[in-house]
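Here is the structure we will look at, set down as structure tokens.
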Amino acid sequence: MTGHSKWHISAVEVKAFKSFNGKPWARFDVSDGFVGILGPNGSGKSNLLEAVCFATGCSSTMLRGCRTLKDVTSTDARSQLPGVKLEISCGKGSRAEHHLLEASLTPEGTRAYKIDGRIKTGTQVKDCLKSCGIVVDPTTVIKQASVTRLTDSNNPATLAELVSAASGLASWDQETAAAR
């Protein structure tokens, strides 16, 4: 999957995850250049983003209201375990390359991963996505709570800190300081 610079998440499927019940998989096709989720309050915007975080191996602390991974289970799903599928793509038309990343909650409360049907570890998933230029972590996901906190604080230092983290400048500063 390496060697291409234009990889992106092209579809998200969610089942039994938070507000998405366990009936058929809910599918969301994503266009290249996707940058945000819009919709009315309570429509599942944050839960959809958290499903992407879940599938890409983010810690449970990045998931709103979750002390453990079991907290992502939809209350409407009853006995079903949550699952998320991400289709990642590079290119367009018949020459496009696609891969399917699947993450599901096990009965023990851990995540199980597959890429194109092959079992993978969380580290392998993160490494694979990183090689495609897809990184989902606290520096690349700006959650609504952060934006709300920023607007409520009206503090220039807080704004600068958020922009620094979101742009990667904070990581770059840390790396250059460590190299000295």
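How things are named: the first chain in the structure tokens is A, the next is B, and so on; residues count from 1 in each chain; ligands count from 1 in the order shown.
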
Looking only at helix (DSSP H, G or I) from DSSP on the backbone, list the matching residues of chain A as a ChimeraX atom specification.
/A:45-55,60-62,69-72,93-95,122-131,144-153,156-167,169-179

Residues within 8 Å of Ala51 in chain A, please, as a PyMOL selection string. Count only C-alpha atoms; anything in the same chain fewer than 3 positions from it doesn't count.
chain A and resi 14+17+47-48+54-55+84

Which of chain A counts as strand (DSSP E or B) under DSSP, as a PDB file with N, CA and C atoms, in the first residue's frame please?
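The resulting file, states08.pdb, is reproduced below:
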```pdb
ATOM      1  N   HIS A   8      -6.956   7.952   0.832  1.00  0.00           N
ATOM      2  CA  HIS A   8      -7.970   8.607   1.652  1.00  0.00           C
ATOM      3  C   HIS A   8      -9.000   7.571   2.089  1.00  0.00           C
ATOM      4  N   ILE A   9      -9.738   7.906   3.121  1.00  0.00           N
ATOM      5  CA  ILE A   9     -10.843   7.055   3.558  1.00  0.00           C
ATOM      6  C   ILE A   9     -11.990   7.306   2.592  1.00  0.00           C
ATOM      7  N   SER A  10     -12.440   6.262   1.895  1.00  0.00           N
ATOM      8  CA  SER A  10     -13.480   6.440   0.871  1.00  0.00           C
ATOM      9  C   SER A  10     -14.852   5.962   1.336  1.00  0.00           C
ATOM     10  N   ALA A  11     -14.906   5.186   2.418  1.00  0.00           N
ATOM     11  CA  ALA A  11     -16.201   4.770   2.950  1.00  0.00           C
ATOM     12  C   ALA A  11     -16.030   4.341   4.405  1.00  0.00           C
ATOM     13  N   VAL A  12     -17.079   4.553   5.177  1.00  0.00           N
ATOM     14  CA  VAL A  12     -17.126   4.119   6.567  1.00  0.00           C
ATOM     15  C   VAL A  12     -18.416   3.335   6.744  1.00  0.00           C
ATOM     16  N   GLU A  13     -18.321   2.153   7.334  1.00  0.00           N
ATOM     17  CA  GLU A  13     -19.509   1.367   7.675  1.00  0.00           C
ATOM     18  C   GLU A  13     -19.483   1.115   9.176  1.00  0.00           C
ATOM     19  N   VAL A  14     -20.638   1.270   9.802  1.00  0.00           N
ATOM     20  CA  VAL A  14     -20.733   1.185  11.250  1.00  0.00           C
ATOM     21  C   VAL A  14     -21.899   0.285  11.627  1.00  0.00           C
ATOM     22  N   LYS A  15     -21.669  -0.550  12.643  1.00  0.00           N
ATOM     23  CA  LYS A  15     -22.732  -1.436  13.125  1.00  0.00           C
ATOM     24  C   LYS A  15     -22.620  -1.558  14.643  1.00  0.00           C
ATOM     25  N   PHE A  17     -22.479   0.515  16.977  1.00  0.00           N
ATOM     26  CA  PHE A  17     -21.495   1.422  17.571  1.00  0.00           C
ATOM     27  C   PHE A  17     -22.210   2.673  18.050  1.00  0.00           C
ATOM     28  N   PHE A  20     -25.402   4.132  16.485  1.00  0.00           N
ATOM     29  CA  PHE A  20     -25.747   3.338  15.298  1.00  0.00           C
ATOM     30  C   PHE A  20     -26.156   1.947  15.756  1.00  0.00           C
ATOM     31  N   ALA A  26     -24.586   0.658   8.676  1.00  0.00           N
ATOM     32  CA  ALA A  26     -24.828   2.017   8.174  1.00  0.00           C
ATOM     33  C   ALA A  26     -23.592   2.401   7.363  1.00  0.00           C
ATOM     34  N   ARG A  27     -23.780   2.744   6.092  1.00  0.00           N
ATOM     35  CA  ARG A  27     -22.649   3.056   5.209  1.00  0.00           C
ATOM     36  C   ARG A  27     -22.638   4.538   4.863  1.00  0.00           C
ATOM     37  N   PHE A  28     -21.433   5.119   4.909  1.00  0.00           N
ATOM     38  CA  PHE A  28     -21.230   6.518   4.566  1.00  0.00           C
ATOM     39  C   PHE A  28     -20.100   6.581   3.549  1.00  0.00           C
ATOM     40  N   ASP A  29     -20.431   6.953   2.315  1.00  0.00           N
ATOM     41  CA  ASP A  29     -19.408   7.129   1.292  1.00  0.00           C
ATOM     42  C   ASP A  29     -18.770   8.497   1.493  1.00  0.00           C
ATOM     43  N   THR A  73     -20.493   0.196  22.648  1.00  0.00           N
ATOM     44  CA  THR A  73     -21.600  -0.654  22.203  1.00  0.00           C
ATOM     45  C   THR A  73     -22.912   0.110  22.241  1.00  0.00           C
ATOM     46  N   GLY A  83     -18.873  -2.954  15.356  1.00  0.00           N
ATOM     47  CA  GLY A  83     -17.883  -3.117  14.308  1.00  0.00           C
ATOM     48  C   GLY A  83     -17.823  -1.889  13.430  1.00  0.00           C
ATOM     49  N   VAL A  84     -16.645  -1.641  12.871  1.00  0.00           N
ATOM     50  CA  VAL A  84     -16.437  -0.515  11.969  1.00  0.00           C
ATOM     51  C   VAL A  84     -15.591  -1.014  10.802  1.00  0.00           C
ATOM     52  N   LYS A  85     -15.988  -0.628   9.594  1.00  0.00           N
ATOM     53  CA  LYS A  85     -15.203  -0.936   8.402  1.00  0.00           C
ATOM     54  C   LYS A  85     -14.826   0.375   7.732  1.00  0.00           C
ATOM     55  N   LEU A  86     -13.566   0.493   7.360  1.00  0.00           N
ATOM     56  CA  LEU A  86     -13.082   1.655   6.625  1.00  0.00           C
ATOM     57  C   LEU A  86     -12.538   1.165   5.289  1.00  0.00           C
ATOM     58  N   GLU A  87     -13.038   1.753   4.215  1.00  0.00           N
ATOM     59  CA  GLU A  87     -12.439   1.487   2.914  1.00  0.00           C
ATOM     60  C   GLU A  87     -11.469   2.617   2.645  1.00  0.00           C
ATOM     61  N   ILE A  88     -10.229   2.245   2.366  1.00  0.00           N
ATOM     62  CA  ILE A  88      -9.248   3.268   2.000  1.00  0.00           C
ATOM     63  C   ILE A  88      -8.897   3.079   0.532  1.00  0.00           C
ATOM     64  N   SER A  89      -8.751   4.190  -0.168  1.00  0.00           N
ATOM     65  CA  SER A  89      -8.579   4.150  -1.617  1.00  0.00           C
ATOM     66  C   SER A  89      -7.479   5.082  -2.069  1.00  0.00           C
ATOM     67  N   CYS A  90      -6.923   4.739  -3.215  1.00  0.00           N
ATOM     68  CA  CYS A  90      -5.936   5.581  -3.877  1.00  0.00           C
ATOM     69  C   CYS A  90      -6.236   5.528  -5.368  1.00  0.00           C
ATOM     70  N   GLU A  97      -6.924   1.717  -6.321  1.00  0.00           N
ATOM     71  CA  GLU A  97      -6.577   0.625  -5.421  1.00  0.00           C
ATOM     72  C   GLU A  97      -7.390   0.815  -4.145  1.00  0.00           C
ATOM     73  N   HIS A  98      -7.981  -0.266  -3.638  1.00  0.00           N
ATOM     74  CA  HIS A  98      -8.815  -0.202  -2.439  1.00  0.00           C
ATOM     75  C   HIS A  98      -8.365  -1.260  -1.439  1.00  0.00           C
ATOM     76  N   HIS A  99      -8.484  -0.919  -0.168  1.00  0.00           N
ATOM     77  CA  HIS A  99      -8.223  -1.879   0.905  1.00  0.00           C
ATOM     78  C   HIS A  99      -9.305  -1.704   1.961  1.00  0.00           C
ATOM     79  N   LEU A 100      -9.640  -2.794   2.633  1.00  0.00           N
ATOM     80  CA  LEU A 100     -10.682  -2.764   3.652  1.00  0.00           C
ATOM     81  C   LEU A 100     -10.077  -3.020   5.019  1.00  0.00           C
ATOM     82  N   LEU A 101     -10.236  -2.055   5.913  1.00  0.00           N
ATOM     83  CA  LEU A 101      -9.816  -2.175   7.304  1.00  0.00           C
ATOM     84  C   LEU A 101     -11.066  -2.449   8.133  1.00  0.00           C
ATOM     85  N   GLU A 102     -11.018  -3.504   8.917  1.00  0.00           N
ATOM     86  CA  GLU A 102     -12.144  -3.843   9.788  1.00  0.00           C
ATOM     87  C   GLU A 102     -11.669  -3.862  11.235  1.00  0.00           C
ATOM     88  N   ALA A 103     -12.481  -3.299  12.119  1.00  0.00           N
ATOM     89  CA  ALA A 103     -12.207  -3.345  13.554  1.00  0.00           C
ATOM     90  C   ALA A 103     -13.498  -3.724  14.256  1.00  0.00           C
ATOM     91  N   SER A 104     -13.396  -4.653  15.176  1.00  0.00           N
ATOM     92  CA  SER A 104     -14.587  -5.060  15.925  1.00  0.00           C
ATOM     93  C   SER A 104     -14.211  -5.258  17.385  1.00  0.00           C
ATOM     94  N   LEU A 105     -15.209  -5.121  18.221  1.00  0.00           N
ATOM     95  CA  LEU A 105     -15.011  -5.343  19.647  1.00  0.00           C
ATOM     96  C   LEU A 105     -15.180  -6.830  19.920  1.00  0.00           C
ATOM     97  N   ARG A 111     -10.099  -4.927  20.895  1.00  0.00           N
ATOM     98  CA  ARG A 111     -10.365  -4.775  19.460  1.00  0.00           C
ATOM     99  C   ARG A 111      -9.685  -5.881  18.685  1.00  0.00           C
ATOM    100  N   ALA A 112     -10.379  -6.335  17.644  1.00  0.00           N
ATOM    101  CA  ALA A 112      -9.796  -7.270  16.681  1.00  0.00           C
ATOM    102  C   ALA A 112      -9.757  -6.536  15.347  1.00  0.00           C
ATOM    103  N   TYR A 113      -8.647  -6.664  14.630  1.00  0.00           N
ATOM    104  CA  TYR A 113      -8.454  -5.946  13.370  1.00  0.00           C
ATOM    105  C   TYR A 113      -8.232  -6.915  12.216  1.00  0.00           C
ATOM    106  N   LYS A 114      -8.657  -6.470  11.033  1.00  0.00           N
ATOM    107  CA  LYS A 114      -8.338  -7.170   9.791  1.00  0.00           C
ATOM    108  C   LYS A 114      -8.077  -6.117   8.719  1.00  0.00           C
ATOM    109  N   ILE A 115      -7.145  -6.420   7.841  1.00  0.00           N
ATOM    110  CA  ILE A 115      -6.942  -5.626   6.631  1.00  0.00           C
ATOM    111  C   ILE A 115      -7.067  -6.600   5.468  1.00  0.00           C
ATOM    112  N   ARG A 118      -7.250 -10.235   6.437  1.00  0.00           N
ATOM    113  CA  ARG A 118      -6.144 -10.835   7.183  1.00  0.00           C
ATOM    114  C   ARG A 118      -6.049 -10.212   8.570  1.00  0.00           C
ATOM    115  N   ILE A 119      -5.942 -11.031   9.585  1.00  0.00           N
ATOM    116  CA  ILE A 119      -5.860 -10.564  10.969  1.00  0.00           C
ATOM    117  C   ILE A 119      -4.582  -9.749  11.164  1.00  0.00           C
ATOM    118  N   LYS A 120      -4.725  -8.604  11.827  1.00  0.00           N
ATOM    119  CA  LYS A 120      -3.604  -7.695  12.087  1.00  0.00           C
ATOM    120  C   LYS A 120      -3.655  -7.225  13.538  1.00  0.00           C
TER     121      LYS A 120
END
```

CA of Gly122 in chain A to CA of Thr61 in chain A measures 15.7 Å

Spatial neighbours of Arg78 in chain A, max dist 10 Å, only C-alpha atoms, sep filter under 3 positions, as a short mmCIF file (atom, residue, chain, number, x, y, z; two decimals) with all heavy atoms, in the first residue's frame:
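out-v8.cif, freshly written:
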```
data_model
loop_
_atom_site.label_atom_id
_atom_site.label_comp_id
_atom_site.auth_asym_id
_atom_site.auth_seq_id
_atom_site.Cartn_x
_atom_site.Cartn_y
_atom_site.Cartn_z
N ALA A 16 -23.73 -1.34 15.35
CA ALA A 16 -23.83 -1.50 16.81
C ALA A 16 -22.83 -0.63 17.56
O ALA A 16 -22.38 -0.97 18.64
CB ALA A 16 -23.67 -2.98 17.20
N ASN A 21 -27.42 1.60 15.54
CA ASN A 21 -27.91 0.32 16.03
C ASN A 21 -27.29 -0.83 15.24
O ASN A 21 -26.52 -0.62 14.31
CB ASN A 21 -29.44 0.26 16.02
CG ASN A 21 -30.01 0.32 14.62
OD1 ASN A 21 -29.38 -0.10 13.66
ND2 ASN A 21 -31.21 0.83 14.50
N GLY A 22 -27.64 -2.06 15.61
CA GLY A 22 -27.00 -3.22 15.02
C GLY A 22 -27.71 -3.79 13.81
O GLY A 22 -27.33 -4.83 13.32
N THR A 73 -20.49 0.20 22.65
CA THR A 73 -21.60 -0.65 22.20
C THR A 73 -22.91 0.11 22.24
O THR A 73 -23.26 0.74 23.24
CB THR A 73 -21.70 -1.91 23.09
OG1 THR A 73 -20.45 -2.58 23.09
CG2 THR A 73 -22.78 -2.85 22.57
N SER A 74 -23.66 0.05 21.15
CA SER A 74 -24.96 0.70 21.06
C SER A 74 -25.92 0.07 22.06
O SER A 74 -25.99 -1.15 22.17
CB SER A 74 -25.52 0.55 19.64
OG SER A 74 -26.87 0.96 19.59
N THR A 75 -26.66 0.91 22.76
CA THR A 75 -27.67 0.39 23.69
C THR A 75 -28.82 -0.28 22.93
O THR A 75 -29.53 -1.10 23.49
CB THR A 75 -28.22 1.51 24.59
OG1 THR A 75 -28.73 2.56 23.76
CG2 THR A 75 -27.14 2.05 25.51
N LEU A 81 -22.01 -7.16 18.94
CA LEU A 81 -20.77 -6.44 19.23
C LEU A 81 -20.53 -5.40 18.15
O LEU A 81 -20.81 -5.63 16.98
CB LEU A 81 -19.59 -7.42 19.28
CG LEU A 81 -19.62 -8.39 20.46
CD1 LEU A 81 -18.53 -9.45 20.31
CD2 LEU A 81 -19.45 -7.63 21.77
#
```

Straight-line distance linking CA of Pro40 in chain A with CA of Trp25 in chain A, stated in Å to one decimal:
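Separation of CA of Pro40 in chain A and CA of Trp25 in chain A: 21.3 Å.
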